[in-house]
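Q: I'd like to ask you about the structure that follows.
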Amino acid sequence: METVLITGASSGIGREFSKLFAEKGYRLVITARREKNLAELKKMYPENNVEVIPCDLGSEAGAEYLYNEVKKRSIKVDILINNAGFGLFGEFYETDIEKEKKMIDLNVKALVELSKYFLQEMLERNSGRILNVASIAAFQPGPYMSVYYASKAFVLSFSEALRNEVRNTGVCISVLCPGPVETEFEKSSELTKSKLFSKLKPITAEKVAYAGYRGLMKNRAVIIPGFFNRAAITAGTFVPTGIKVNIARKIQEKKK
Ligand SMILES: NC(=O)c1ccc[n+]([C@@H]2O[C@H](COP(=O)([O-])OP(=O)(O)OC[C@H]3O[C@@H](n4cnc5c(N)ncnc54)[C@H](OP(=O)(O)O)[C@@H]3O)[C@@H](O)[C@H]2O)c1
């Protein structure tokens, strides 16, 4: 039985990834801060098929703790899904820098650390898969969510570079770039104040997880769920950055 480690499994896309991989016959290692949500997910499956490791990946030693805990339990991770993340809506001059530092620690630092630890093992075995969750936000700067967009641009760039480095090995690295998704993200990122979710129709987390799973198994480099999002990103490659930033600003500005 192969094992998949999923970060941010307590809600949204991570929870749907967990359900999907369990249905496909994988053993799960699920992690997030909310132990109650993880315990509820575990209850849905046979006792031995799910390992729960509660962890704050935004903390200084969070990623290292998670890796050491996986080792302590003698678990071999075949697939790593770096999904945990959050955003913050607002003008940069007035948003809370503590939240932004935590965002960088989670969206960037923890993702880099976990990729390093597990990639080294995968390369020793010459097999394994890593799926990093970025966003369509990765493709252009985003006024009113500047740090979040930049963090996802990092994830996209980092993932494509790693993929190239390991191209002659048995390890596959993909990056998932969803548009708006119906999850707790809108609330946790304070996007209820923004026009974003009313301007761009969100899709379900179930659909995003399925697209991510399929793309990862097919070894796709960049996975963009939804025809409209794919078309917009492709068309955007011909548009100057200054225009794209203005479009992002219009879509995302504060509700009146
Ligand atoms: N929803 C969207 O519109 C959208 C679009 C594009 C990309 N994404 C990306 O998709 C990923 C999943 O987000 P989602 O939409 O499913 O949102 P969500 O429902 O809010 O899920 C976020 C997950 O991250 C976990 N998390 C947050 N802070 C954490 C921390 N400090 N340590 C460990 N885990 C933490 C949360 O668990 P706990 O709170 O229990 O720790 C939760 O399981 C994120 O990387 C997000 O940036 C979302």
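Residues in the structure tokens are numbered from 1 in each chain, the chains being A, B, ... in the order shown, and ligands are numbered from 1 in the order shown.
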How would you write, as a short mmCIF file (atom, residue, chain, number, x, y, z; two decimals) with C-alpha atoms, in the first residue's frame, the set of residues in segment 4-171 of chain A that DSSP gives as alpha helix (DSSP H)?
A:
```cif
data_model
loop_
_atom_site.label_atom_id
_atom_site.label_comp_id
_atom_site.auth_asym_id
_atom_site.auth_seq_id
_atom_site.Cartn_x
_atom_site.Cartn_y
_atom_site.Cartn_z
CA GLY A 12 -11.03 22.43 1.84
CA ILE A 13 -8.83 21.06 -0.93
CA GLY A 14 -6.63 19.06 1.49
CA ARG A 15 -9.63 17.29 2.96
CA GLU A 16 -10.86 16.41 -0.55
CA PHE A 17 -7.39 15.16 -1.50
CA SER A 18 -7.47 12.94 1.59
CA LYS A 19 -10.86 11.46 0.68
CA LEU A 20 -9.81 10.89 -2.93
CA PHE A 21 -6.48 9.20 -2.12
CA ALA A 22 -8.22 7.01 0.50
CA GLU A 23 -10.77 5.92 -2.13
CA GLU A 35 -6.87 17.90 15.59
CA LYS A 36 -10.65 17.50 15.83
CA ASN A 37 -11.10 17.82 12.06
CA LEU A 38 -8.27 15.36 11.41
CA ALA A 39 -9.75 12.88 13.93
CA GLU A 40 -13.14 13.09 12.17
CA LEU A 41 -11.48 12.35 8.83
CA LYS A 42 -9.56 9.41 10.33
CA LYS A 43 -12.80 7.89 11.67
CA GLY A 62 7.00 22.83 12.32
CA ALA A 63 8.21 21.20 9.09
CA GLU A 64 11.17 19.56 10.83
CA TYR A 65 8.87 18.24 13.57
CA LEU A 66 6.52 16.75 10.96
CA TYR A 67 9.39 15.07 9.11
CA ASN A 68 10.87 13.64 12.32
CA GLU A 69 7.45 12.37 13.41
CA VAL A 70 7.04 10.57 10.05
CA LYS A 71 10.50 8.98 10.54
CA LYS A 72 9.72 7.99 14.16
CA ILE A 97 2.87 42.10 9.24
CA GLU A 98 2.67 39.27 11.81
CA LYS A 99 0.05 37.52 9.64
CA GLU A 100 2.19 38.11 6.54
CA LYS A 101 5.28 36.65 8.23
CA LYS A 102 3.22 33.57 9.20
CA MET A 103 1.96 33.31 5.62
CA ILE A 104 5.50 33.31 4.22
CA LEU A 111 6.85 23.96 1.60
CA VAL A 112 10.56 24.31 0.76
CA GLU A 113 11.63 22.39 3.87
CA LEU A 114 9.22 19.49 3.32
CA SER A 115 10.19 19.31 -0.37
CA LYS A 116 13.88 19.11 0.64
CA TYR A 117 13.44 16.36 3.27
CA PHE A 118 11.14 14.12 1.24
CA LEU A 119 12.78 14.70 -2.16
CA GLN A 120 16.13 13.48 -0.79
CA GLU A 121 14.48 10.19 0.26
CA MET A 122 12.55 9.86 -2.98
CA LEU A 123 15.74 10.32 -5.01
CA GLU A 124 17.50 7.62 -2.95
CA ARG A 125 14.64 5.25 -3.91
CA SER A 146 0.56 41.32 -2.69
CA VAL A 147 2.30 38.94 -0.28
CA TYR A 148 -0.01 36.02 -1.07
CA TYR A 149 0.42 36.41 -4.86
CA ALA A 150 4.19 36.66 -4.45
CA SER A 151 4.23 33.55 -2.24
CA LYS A 152 2.38 31.57 -4.91
CA ALA A 153 4.68 32.90 -7.67
CA PHE A 154 7.51 31.48 -5.54
CA VAL A 155 5.77 28.09 -5.32
CA LEU A 156 5.26 27.96 -9.10
CA SER A 157 8.84 28.98 -9.93
CA PHE A 158 10.35 26.68 -7.28
CA SER A 159 8.28 23.68 -8.40
CA GLU A 160 9.11 24.09 -12.10
CA ALA A 161 12.83 24.43 -11.31
CA LEU A 162 12.82 21.29 -9.11
CA ARG A 163 10.90 19.38 -11.75
CA ASN A 164 13.61 20.22 -14.26
CA GLU A 165 16.42 19.22 -11.85
#
```
Q: Name the residues of segment 105-183 of chain A that come out as strand (DSSP E or B) in a backbone DSSP run; write them as a ChimeraX atom specification.
A: /A:128-133,171-176,181-182
Q: One decimal, in Å: what's the spacing between atom CA of Pro143 of chain A and atom CA of Lys244 of chain A?
A: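 Computed distance, atom CA of Pro143 of chain A to atom CA of Lys244 of chain A, equals 10.5 Å.
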Q: Determine, counting only C-alpha atoms, which protein, DNA and RNA residues have an atom within 8 Å of an atom of Glu51 of chain A; residues of the same chain fewer than 4 positions away are not included. Present the result as a PDB file with C-alpha atoms, in the first residue's frame.
A:
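Written file, out-v5.pdb:
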```
ATOM      1  CA  LEU A  28      -2.940   8.569   4.468  1.00  0.00           C
ATOM      2  CA  VAL A  29      -0.700  10.692   6.652  1.00  0.00           C
ATOM      3  CA  ILE A  30      -2.747  13.806   7.373  1.00  0.00           C
ATOM      4  CA  LYS A  42      -9.555   9.414  10.328  1.00  0.00           C
TER       5      LYS A  42
END
```
Q: Using only C-alpha atoms and all ligand atoms, find each residue of chain A with at least one atom at most 7 Å away from an atom of ligand 1; report its shortest atom-to-atom pair and that distance in Å (one decimal), sort the rows by chain and rising residue number, and return the result as CSV.
A:
```
residue,atom,partner,partner_atom_place_in_ligand_line,distance
A:Thr7,CA,ligand 1,34 (N),6.4
A:Gly8,CA,ligand 1,43 (O),3.2
A:Ala9,CA,ligand 1,43 (O),4.5
A:Ser10,CA,ligand 1,43 (O),3.9
A:Ser11,CA,ligand 1,19 (O),4.4
A:Gly12,CA,ligand 1,16 (O),3.4
A:Ile13,CA,ligand 1,16 (O),3.8
A:Gly14,CA,ligand 1,16 (O),5.6
A:Thr31,CA,ligand 1,34 (N),6.9
A:Ala32,CA,ligand 1,34 (N),3.9
A:Arg33,CA,ligand 1,41 (O),3.5
A:Arg34,CA,ligand 1,40 (O),3.7
A:Cys55,CA,ligand 1,33 (C),5.8
A:Asp56,CA,ligand 1,32 (N),3.7
A:Leu57,CA,ligand 1,32 (N),3.7
A:Gly58,CA,ligand 1,31 (N),4.0
A:Ser59,CA,ligand 1,31 (N),6.8
A:Asn83,CA,ligand 1,45 (O),4.8
A:Ala84,CA,ligand 1,24 (O),3.6
A:Gly85,CA,ligand 1,45 (O),3.5
A:Phe86,CA,ligand 1,47 (O),4.8
A:Gly87,CA,ligand 1,47 (O),6.4
A:Leu106,CA,ligand 1,31 (N),6.0
A:Asn107,CA,ligand 1,45 (O),6.6
A:Val133,CA,ligand 1,45 (O),5.4
A:Ala134,CA,ligand 1,7 (C),5.6
A:Ser135,CA,ligand 1,6 (C),4.1
A:Ile136,CA,ligand 1,6 (C),6.4
A:Cys177,CA,ligand 1,6 (C),6.2
A:Pro178,CA,ligand 1,6 (C),4.5
A:Gly179,CA,ligand 1,5 (C),4.9
A:Pro180,CA,ligand 1,3 (O),3.4
A:Val181,CA,ligand 1,3 (O),3.8
A:Glu182,CA,ligand 1,1 (N),5.8
A:Thr183,CA,ligand 1,19 (O),4.4
A:Glu184,CA,ligand 1,19 (O),3.9
A:Phe185,CA,ligand 1,20 (O),3.8
A:Glu186,CA,ligand 1,1 (N),6.3
A:Ser188,CA,ligand 1,20 (O),6.0
A:Pro202,CA,ligand 1,3 (O),6.9
A:Ala205,CA,ligand 1,16 (O),6.9
```
Q: Atom CA of Val239 of chain A and atom CA of Ser174 of chain A, how far apart in Å?
A: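 Separation of atom CA of Ser174 of chain A and atom CA of Val239 of chain A: 25.0 Å.
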Q: So the first atom is atom CA of Val175 of chain A and the second is atom CA of Ala235 of chain A; what is the distance between them in Å, to one decimal place?
A: 19.4 Å
Q: When you look at Ile251 of chain A with a cut-off of 7 Å (counting only C-alpha atoms), what residues show up, excluding the ones that are within fewer than 3 positions of it in the same chain? I need them as an MDAnalysis selection string.
A: chainID A and resid 195:196 199 247:248
Q: Would you please work out which residue, of A:Phe92, A:Tyr45, A:Gln252, A:Lys109, is nearest to Ala61 of chain A when using only C-alpha atoms?
A: A:Lys109
Q: Extract, using only C-alpha atoms, all DNA, RNA and protein residues at most 10 Å from Leu131 of chain A, discarding same-chain residues fewer than 4 positions from it, and format them as an NGL selection string.
A: :A and (6 or 79-83 or 115 or 159 or 172-176 or 212-213 or 215-217 or 219 or 221-223)
Q: Which one of A:Val108, A:Pro225, A:Val52, A:Lys201 sits closest to Arg73 of chain A if you count only C-alpha atoms?
A: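 Under the stated criterion, the closest residue is A:Val52.
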Q: Identify which of the residues A:Lys255, A:Glu91, A:Pro141, A:Lys193 lies closest to Ile243 of chain A, counting only C-alpha atoms when measuring atom-to-atom distances.
A: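 When distances to Ile243 of chain A are compared using only C-alpha atoms, the smallest one comes from A:Pro141.
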